[in-house]
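Below you'll find the structure, written out as structure tokens, and then a few comments.
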Amino acid sequence: MLAACQGVAAEGLSERQAQEALAALGQAGVAATRAPDGDRAFRIEVAGGDQTRAAQVLRAWGLPRPPKSGFRALYGSAGLVPTAAEEHARRLDALGGEIAAHLGGLDGVADASAIVAEPFVDPIAGGPPAKKSASVVLRLVPEAAPGWTVADVQRLVAAATDGLAPADVAVVVVKTPAPPAVPPFAQVGPIVVAASSRTALIAALAAALILILALGAWVIHAELRRVREKRKP
């Protein structure tokens with residue numbers, strides 16, 4: 001019966017993703033538990049009535065975070081020997097993934113993406129080194145108050161990219177609105193409802209009680225009348 005009342009907020013998560021989801025839901029006041037989900041994976045379960053709220057919270061926090069492709073993906077991929085241009089593009093893509101993963105560890109960051117741009121120069125044809133640039137998008141968790149600045153991010157990205165100046169790093173910071181607040185609840189006897197519905201519920205219960213009393217009085221009146229009719233000669 002308890003399992004039937006449970007809902008799945010997220011599934012197929014790694015242990016780290018599951019822990020991040022539990023932390024975010026707990027901070028938002030949504031009770032959640034972690035359960036096994038296949039081989040080395042986990043799912044997050046919440047009460048059936050909390051599924052929508054849980055989805056809103058996880059979306060606001062950018063969870064679960066997808067794994068970033070970095071140099072591990074670059075050197076772990078198999079295939080034909082790439083051309084110099086293809087190798088150049090793959091290296092820049094891997095570098096962007098590494099930078100994004102690094103920036104994702106900053107306080108208040110829900111998600112990060114980075115693109116490093118450097119025009120390809122044919123090593124055979126030669127030519128002057130191409131100027132590098134980078135663009136970064138950081139999405140913050142709701143009500144974040146980060147202790148870093150855009151200039152800090154520019155310096156971090158430049159330090160991770162050989163030949164890149166901080167001034168050539170464009171940074172966009174996006175604030176995520178907080179999910180809708182959980183409405184306060186009120187208890188009327190054994191019934192728990194939203195506080196805004198308390199008056200309407202009391203009125204409905206009062207009307208139902210009056211109707212029951214009226215029906216009871218009618219039944220008693222009808223029974224007494226039947227008895228009197230029966231006693232008549």
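Convention: chains lettered A, B, ... in structure tokens order; per-chain residue numbering from 1; ligands numbered from 1 as shown.
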
Requested in this report: For A:Glu11, work out the shell of residues within 8 Å, counting only C-alpha atoms and skipping chain neighbours fewer than 3 positions away, then give it as a list of chain:residue names.
Outcome: A:Val8, A:Asp37, A:Ala41, A:Phe42, A:Arg43, A:Ile44

Report task. Any chance you could list, as a ChimeraX atom specification, the residues in stretch 101-204 of chain A that come up strand (DSSP E) when DSSP is run on the backbone? Result -> /A:109-117,133-140,169-175,185-188,191-194

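Compared by their closest atoms to A:Ala178, and using only C-alpha atoms, the residues A:Pro146, A:Pro123, A:Gly62, A:Pro166 rank with A:Gly62 nearest.
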
Report task. Would you work out the distance separating atom CA of A:Leu22 from atom CA of A:Ala55, expressed in Å to one decimal? Result -> 12.2 Å

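Across the structure, atom CA of A:Ala101 and atom CA of A:Ile115 are spaced 12.2 Å apart.
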
Query - A:Pro179 surroundings by only C-alpha atoms, 9 Å radius, close-in-sequence under 4 positions cut, as a VMD selection string - result: chain A and resid 53 56 to 57 59 to 60 142

Quick one: write out the picked residues with all heavy atoms as a CSV table (one decimal), in the first residue's frame?
chain,number,residue,atom,x,y,z
A,53,ARG,N,5.8,18.9,-7.4
A,53,ARG,CA,6.7,19.8,-6.6
A,53,ARG,C,8.2,19.4,-6.8
A,53,ARG,O,9.1,20.2,-7.0
A,53,ARG,CB,6.3,19.8,-5.2
A,53,ARG,CG,7.3,20.5,-4.2
A,53,ARG,CD,7.3,22.0,-4.4
A,53,ARG,NE,8.1,22.7,-3.4
A,53,ARG,CZ,8.5,23.9,-3.4
A,53,ARG,NH1,8.0,24.7,-4.4
A,53,ARG,NH2,9.2,24.5,-2.5
A,56,GLN,N,9.6,20.3,-10.1
A,56,GLN,CA,9.9,21.7,-10.2
A,56,GLN,C,11.2,22.1,-9.5
A,56,GLN,O,12.0,22.9,-10.0
A,56,GLN,CB,8.8,22.5,-9.6
A,56,GLN,CG,7.5,22.4,-10.4
A,56,GLN,CD,6.3,23.1,-9.6
A,56,GLN,OE1,6.3,23.2,-8.4
A,56,GLN,NE2,5.3,23.5,-10.4
A,57,VAL,N,11.4,21.5,-8.3
A,57,VAL,CA,12.6,21.7,-7.5
A,57,VAL,C,13.9,21.2,-8.3
A,57,VAL,O,14.9,21.9,-8.4
A,57,VAL,CB,12.6,21.1,-6.2
A,57,VAL,CG1,13.9,21.2,-5.4
A,57,VAL,CG2,11.5,21.7,-5.3
A,59,ARG,N,14.2,20.7,-11.5
A,59,ARG,CA,14.4,21.5,-12.7
A,59,ARG,C,15.1,22.8,-12.3
A,59,ARG,O,16.0,23.3,-13.0
A,59,ARG,CB,13.1,21.7,-13.4
A,59,ARG,CG,13.2,22.3,-14.8
A,59,ARG,CD,11.9,22.5,-15.4
A,59,ARG,NE,11.1,21.3,-15.5
A,59,ARG,CZ,10.0,21.1,-14.8
A,59,ARG,NH1,9.5,22.0,-14.0
A,59,ARG,NH2,9.3,19.9,-14.9
A,60,ALA,N,14.6,23.4,-11.3
A,60,ALA,CA,15.2,24.7,-10.8
A,60,ALA,C,16.7,24.6,-10.5
A,60,ALA,O,17.5,25.5,-10.7
A,60,ALA,CB,14.4,25.3,-9.7
A,142,PRO,N,18.1,28.6,-7.5
A,142,PRO,CA,17.2,29.7,-7.0
A,142,PRO,C,17.8,30.4,-5.8
A,142,PRO,O,18.4,29.7,-4.9
A,142,PRO,CB,15.9,28.9,-6.7
A,142,PRO,CG,16.0,27.7,-7.6
A,142,PRO,CD,17.4,27.3,-7.7

**Report entry** Top pick for closest residue to A:Leu140, considering A:Ala165, A:Ala206, A:Ala18, A:Val174 and counting only C-alpha atoms
**Finding:**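 Ranking A:Ala165, A:Ala206, A:Ala18, A:Val174 by distance to A:Leu140, first place goes to A:Val174.
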
Query raised in the report: Residues of stretch 15-198 of chain A in helix (DSSP H, G or I) according to DSSP, as an MDAnalysis selection string?
Result: chainID A and resid 15:27 48:60 71:76 84:103 150:160 166:168 195:198
